[in-house]
Amino acid sequence: MTQAKLKTNLDTNFLKLIAICSMLLDHVGSVFFPQIPLFRWVGRLAFPLFCYCMTVGLLYTHDIKGYLTRLGLFALISQPLYVLAFHPYDFWGQFTNWNIFFTLFLSLLAMWAFVERKYWLFALAFFVVSWWNFDYSGNGILLMLIFYLCRNKPGVGAALFTAFYMGALWSGYPEDPLALMVGGHAVDWTIFALLALPLIFVRTHVDLKIPKWFFYGFYPAHLALIAILRLCLHV
């Protein structure tokens with residue numbers, strides 16, 4: 001993959017660290033504190049940050065096959081842990097609710113196909129992730145398209161990213177305990193994904209040095225911990 005200059009934030013280790021922290025809060029809140037929406041609201045940062053970091057990886061990697069292989073491998077490793085963490089009382093019935101690594105794998109595959117003009121593969125990956133039980137459906141591909149196509153136009157990218165989530169303003173339901181209530185009007189909780197906007201489109205210079213395997217390993221490790229705690233606490 002030919003390298004391409006980006007005018008957005010390249011501090012990806014810092015962004016990934018924020019993403020996994022927000023994901024952890026999201027999952028802890030989902031399992032142990034479902035009555036406190038703040039956990040889930042903060043968790044909305046994770047997915048767009050992961051999608052953005054994968055777009056940067058797509059543009060700068062020298063080994064896209066290795067990148068895809070790592071995502072696929074950890075998706076497979078994580079799947080039983082994912083089901084045990086979130087659906088322990090219906091393990092086999094929920095086993096085909098695929099974890100986020102499968103979504104990220106198919107999103108990256110689709111974007112690689114798009115860049116390489118293998119449009120049949122792009123369409124196939126988009127179809128699969130949209131029509132089966134994948135977290136976030138085809139949203140990952142759509143976000144990555146925004147980040148890729150606007151890689152040298154951060155202002156346009158920020159506007160499209162904002163527009164992508166603006167539907168949340170009128171798609172909320174008062175019955176949803178996670179909705180943000182504003183003057184009696186329900187705003188869908190996906191609106192909090194906009195908190196990721198400045199992190200993506202404004203450059204930071206934290207320059208953390210974190211081994212890439214840490215980010216891969218964190219996902220199954222935290223799922224295993226949640227599953228064990230849930231078993232011990234009988235939640």
# chains A, B, ... in the order shown; residues from 1 in each chain; ligands from 1
$ residues_around --residues "A:Leu225" --least-positions-apart "6" --cutoff "10 Å" --atoms "only C-alpha atoms" --output "PyMOL selection string"
chain A and resi 81+85+231
$ residues_around --residues "stretch 137-150 of chain A" --least-positions-apart "2" --cutoff "10 Å" --atoms "only C-alpha atoms" --output "number ranges by chain"
A: 6-8, 47-56, 58-59, 100, 103-111, 114-115, 122, 125-135, 152-161, 164, 200-201
$ select_by_dssp --residues "stretch 10-186 of chain A" --states "strand (DSSP E)" --output "list in words"
Leu180, Met181, Val182, His185 and Ala186 of chain A
$ closest_residue --among "A:Leu223, A:Ala123, A:Leu178, A:Ala186" --to "A:Gln79" --atoms "only C-alpha atoms"
A:Leu223
$ residues_around --residues "A:Ile36" --least-positions-apart "6" --cutoff "10 Å" --atoms "only C-alpha atoms" --output "PyMOL selection string"
chain A and resi 29-30+177-178
$ write_last_selection --atoms "all heavy atoms" --output "tab-separated table (two decimals), in the first residue's frame"
chain	number	residue	atom	x	y	z
A	29	GLY	N	-20.38	-0.86	31.85
A	29	GLY	CA	-21.71	-0.29	32.09
A	29	GLY	C	-22.82	-1.18	31.58
A	29	GLY	O	-23.85	-1.34	32.24
A	30	SER	N	-22.62	-1.76	30.41
A	30	SER	CA	-23.63	-2.63	29.83
A	30	SER	C	-23.94	-3.83	30.72
A	30	SER	O	-25.10	-4.20	30.90
A	30	SER	CB	-23.16	-3.11	28.45
A	30	SER	OG	-24.06	-4.06	27.91
A	177	PRO	N	-33.89	3.92	27.88
A	177	PRO	CA	-33.21	4.44	29.08
A	177	PRO	C	-31.86	5.08	28.78
A	177	PRO	O	-31.31	5.79	29.63
A	177	PRO	CB	-33.05	3.19	29.96
A	177	PRO	CG	-33.09	2.04	29.01
A	177	PRO	CD	-34.02	2.46	27.90
A	178	LEU	N	-31.33	4.85	27.58
A	178	LEU	CA	-30.03	5.42	27.22
A	178	LEU	C	-30.16	6.73	26.45
A	178	LEU	O	-29.16	7.38	26.17
A	178	LEU	CB	-29.23	4.41	26.38
A	178	LEU	CG	-28.86	3.11	27.09
A	178	LEU	CD1	-28.18	2.16	26.12
A	178	LEU	CD2	-27.95	3.38	28.28
$ residues_around --residues "A:Gly184" --least-positions-apart "5" --cutoff "12 Å" --atoms "only C-alpha atoms" --output "list in words"
Gly172, Tyr173, Pro174, Glu175 and Ala179 of chain A
$ atom_distance --atom1 "atom CA of A:Asn97" --atom2 "atom CA of A:Val187"
26.3 Å
$ residues_around --residues "A:Tyr89" --least-positions-apart "3" --cutoff "12 Å" --atoms "only C-alpha atoms" --output "PyMOL selection string"
chain A and resi 83-86+92-95+227+230-231+234-235
$ residues_around --residues "A:Ser78" --least-positions-apart "2" --cutoff "10 Å" --atoms "only C-alpha atoms" --output "list in words"
Gly72, Leu73, Phe74, Ala75, Leu76, Pro80, Leu81, Tyr82, Val83, Leu84, Trp98, Asn99, Ile100, Phe101, Phe102, Gly217, Tyr219, Pro220, Ala221, His222, Leu223 and Ala224 of chain A
$ residues_around --residues "A:Ser22" --least-positions-apart "3" --cutoff "8 Å" --atoms "only C-alpha atoms" --output "PyMOL selection string"
chain A and resi 18-19+25-26+42-46
$ write_last_selection --atoms "N, CA, C and O atoms" --output "mmCIF file, in the first residue's frame"
data_model
loop_
_atom_site.group_PDB
_atom_site.id
_atom_site.type_symbol
_atom_site.label_atom_id
_atom_site.label_comp_id
_atom_site.auth_asym_id
_atom_site.auth_seq_id
_atom_site.Cartn_x
_atom_site.Cartn_y
_atom_site.Cartn_z
ATOM 1 N N ILE A 18 -7.501 5.858 24.045
ATOM 2 C CA ILE A 18 -8.794 6.443 24.404
ATOM 3 C C ILE A 18 -9.928 5.513 23.995
ATOM 4 O O ILE A 18 -10.891 5.308 24.744
ATOM 5 N N ALA A 19 -9.800 4.921 22.812
ATOM 6 C CA ALA A 19 -10.848 4.029 22.307
ATOM 7 C C ALA A 19 -11.039 2.812 23.200
ATOM 8 O O ALA A 19 -12.173 2.446 23.528
ATOM 9 N N LEU A 25 -15.339 1.075 29.500
ATOM 10 C CA LEU A 25 -16.424 1.691 30.262
ATOM 11 C C LEU A 25 -17.784 1.287 29.694
ATOM 12 O O LEU A 25 -18.724 1.010 30.445
ATOM 13 N N ASP A 26 -17.880 1.250 28.378
ATOM 14 C CA ASP A 26 -19.128 0.866 27.722
ATOM 15 C C ASP A 26 -19.535 -0.546 28.111
ATOM 16 O O ASP A 26 -20.684 -0.797 28.480
ATOM 17 N N VAL A 42 -20.236 7.430 27.108
ATOM 18 C CA VAL A 42 -18.787 7.561 26.899
ATOM 19 C C VAL A 42 -18.290 6.505 25.917
ATOM 20 O O VAL A 42 -17.389 6.760 25.112
ATOM 21 N N GLY A 43 -18.909 5.339 25.970
ATOM 22 C CA GLY A 43 -18.499 4.252 25.085
ATOM 23 C C GLY A 43 -18.707 4.518 23.618
ATOM 24 O O GLY A 43 -18.128 3.836 22.762
ATOM 25 N N ARG A 44 -19.520 5.550 23.269
ATOM 26 C CA ARG A 44 -19.759 5.841 21.848
ATOM 27 C C ARG A 44 -18.525 6.382 21.149
ATOM 28 O O ARG A 44 -18.469 6.398 19.917
ATOM 29 N N LEU A 45 -17.520 6.810 21.899
ATOM 30 C CA LEU A 45 -16.291 7.296 21.263
ATOM 31 C C LEU A 45 -15.523 6.181 20.576
ATOM 32 O O LEU A 45 -14.824 6.415 19.579
ATOM 33 N N ALA A 46 -15.622 4.971 21.076
ATOM 34 C CA ALA A 46 -14.716 3.897 20.683
ATOM 35 C C ALA A 46 -14.800 3.555 19.198
ATOM 36 O O ALA A 46 -13.772 3.495 18.509
#
$ atom_distance --atom1 "atom CA of A:Val28" --atom2 "atom CA of A:Leu71"
22.9 Å
$ select_by_dssp --residues "stretch 3-232 of chain A" --states "helix (DSSP H, G or I)" --output "PyMOL selection string"
chain A and resi 12-32+37-43+46-60+64-86+88-90+100-115+119-131+139-149+154-169+189-201+212-232
$ closest_residue --among "A:Phe215, A:Phe91, A:Trp170, A:Tyr165" --to "A:Leu197" --atoms "only C-alpha atoms"
A:Tyr165
$ atom_distance --atom1 "atom CA of A:Tyr216" --atom2 "atom CA of A:Asp90"
26.2 Å
$ closest_residue --among "A:Tyr67, A:Tyr119, A:Phe39, A:Phe192" --to "A:Met166" --atoms "only C-alpha atoms"
A:Phe192
$ closest_residue --among "A:Thr204, A:Pro211, A:Leu38, A:Trp112" --to "A:Leu68" --atoms "only C-alpha atoms"
A:Trp112
$ decode --residues "stretch 74-87 of chain A" --atoms "N, CA and C atoms" --output "PDB file, in the first residue's frame"
ATOM      1  N   PHE A  74      -7.904 -12.513  15.930  1.00  0.00           N
ATOM      2  CA  PHE A  74      -8.422 -12.069  17.222  1.00  0.00           C
ATOM      3  C   PHE A  74      -9.947 -12.033  17.244  1.00  0.00           C
ATOM      4  N   ALA A  75     -10.569 -11.896  16.087  1.00  0.00           N
ATOM      5  CA  ALA A  75     -12.026 -12.031  16.029  1.00  0.00           C
ATOM      6  C   ALA A  75     -12.442 -13.442  16.423  1.00  0.00           C
ATOM      7  N   LEU A  76     -11.740 -14.433  15.893  1.00  0.00           N
ATOM      8  CA  LEU A  76     -12.058 -15.828  16.208  1.00  0.00           C
ATOM      9  C   LEU A  76     -11.777 -16.143  17.676  1.00  0.00           C
ATOM     10  N   ILE A  77     -10.641 -15.682  18.189  1.00  0.00           N
ATOM     11  CA  ILE A  77     -10.278 -15.925  19.586  1.00  0.00           C
ATOM     12  C   ILE A  77     -11.311 -15.283  20.519  1.00  0.00           C
ATOM     13  N   SER A  78     -11.786 -14.105  20.150  1.00  0.00           N
ATOM     14  CA  SER A  78     -12.648 -13.325  21.037  1.00  0.00           C
ATOM     15  C   SER A  78     -14.099 -13.778  21.036  1.00  0.00           C
ATOM     16  N   GLN A  79     -14.539 -14.479  19.996  1.00  0.00           N
ATOM     17  CA  GLN A  79     -15.960 -14.753  19.865  1.00  0.00           C
ATOM     18  C   GLN A  79     -16.564 -15.506  21.057  1.00  0.00           C
ATOM     19  N   PRO A  80     -15.997 -16.639  21.500  1.00  0.00           N
ATOM     20  CA  PRO A  80     -16.608 -17.297  22.667  1.00  0.00           C
ATOM     21  C   PRO A  80     -16.559 -16.438  23.923  1.00  0.00           C
ATOM     22  N   LEU A  81     -15.508 -15.633  24.082  1.00  0.00           N
ATOM     23  CA  LEU A  81     -15.408 -14.747  25.239  1.00  0.00           C
ATOM     24  C   LEU A  81     -16.444 -13.634  25.161  1.00  0.00           C
ATOM     25  N   TYR A  82     -16.690 -13.154  23.961  1.00  0.00           N
ATOM     26  CA  TYR A  82     -17.704 -12.123  23.749  1.00  0.00           C
ATOM     27  C   TYR A  82     -19.088 -12.633  24.150  1.00  0.00           C
ATOM     28  N   VAL A  83     -19.417 -13.842  23.729  1.00  0.00           N
ATOM     29  CA  VAL A  83     -20.725 -14.407  24.060  1.00  0.00           C
ATOM     30  C   VAL A  83     -20.825 -14.669  25.562  1.00  0.00           C
ATOM     31  N   LEU A  84     -19.761 -15.157  26.165  1.00  0.00           N
ATOM     32  CA  LEU A  84     -19.779 -15.410  27.607  1.00  0.00           C
ATOM     33  C   LEU A  84     -19.910 -14.112  28.404  1.00  0.00           C
ATOM     34  N   ALA A  85     -19.327 -13.039  27.897  1.00  0.00           N
ATOM     35  CA  ALA A  85     -19.393 -11.757  28.603  1.00  0.00           C
ATOM     36  C   ALA A  85     -20.781 -11.125  28.521  1.00  0.00           C
ATOM     37  N   PHE A  86     -21.446 -11.254  27.375  1.00  0.00           N
ATOM     38  CA  PHE A  86     -22.698 -10.532  27.177  1.00  0.00           C
ATOM     39  C   PHE A  86     -23.943 -11.421  27.087  1.00  0.00           C
ATOM     40  N   HIS A  87     -23.772 -12.696  26.763  1.00  0.00           N
ATOM     41  CA  HIS A  87     -24.932 -13.589  26.627  1.00  0.00           C
ATOM     42  C   HIS A  87     -24.636 -14.958  27.258  1.00  0.00           C
TER      43      HIS A  87
END
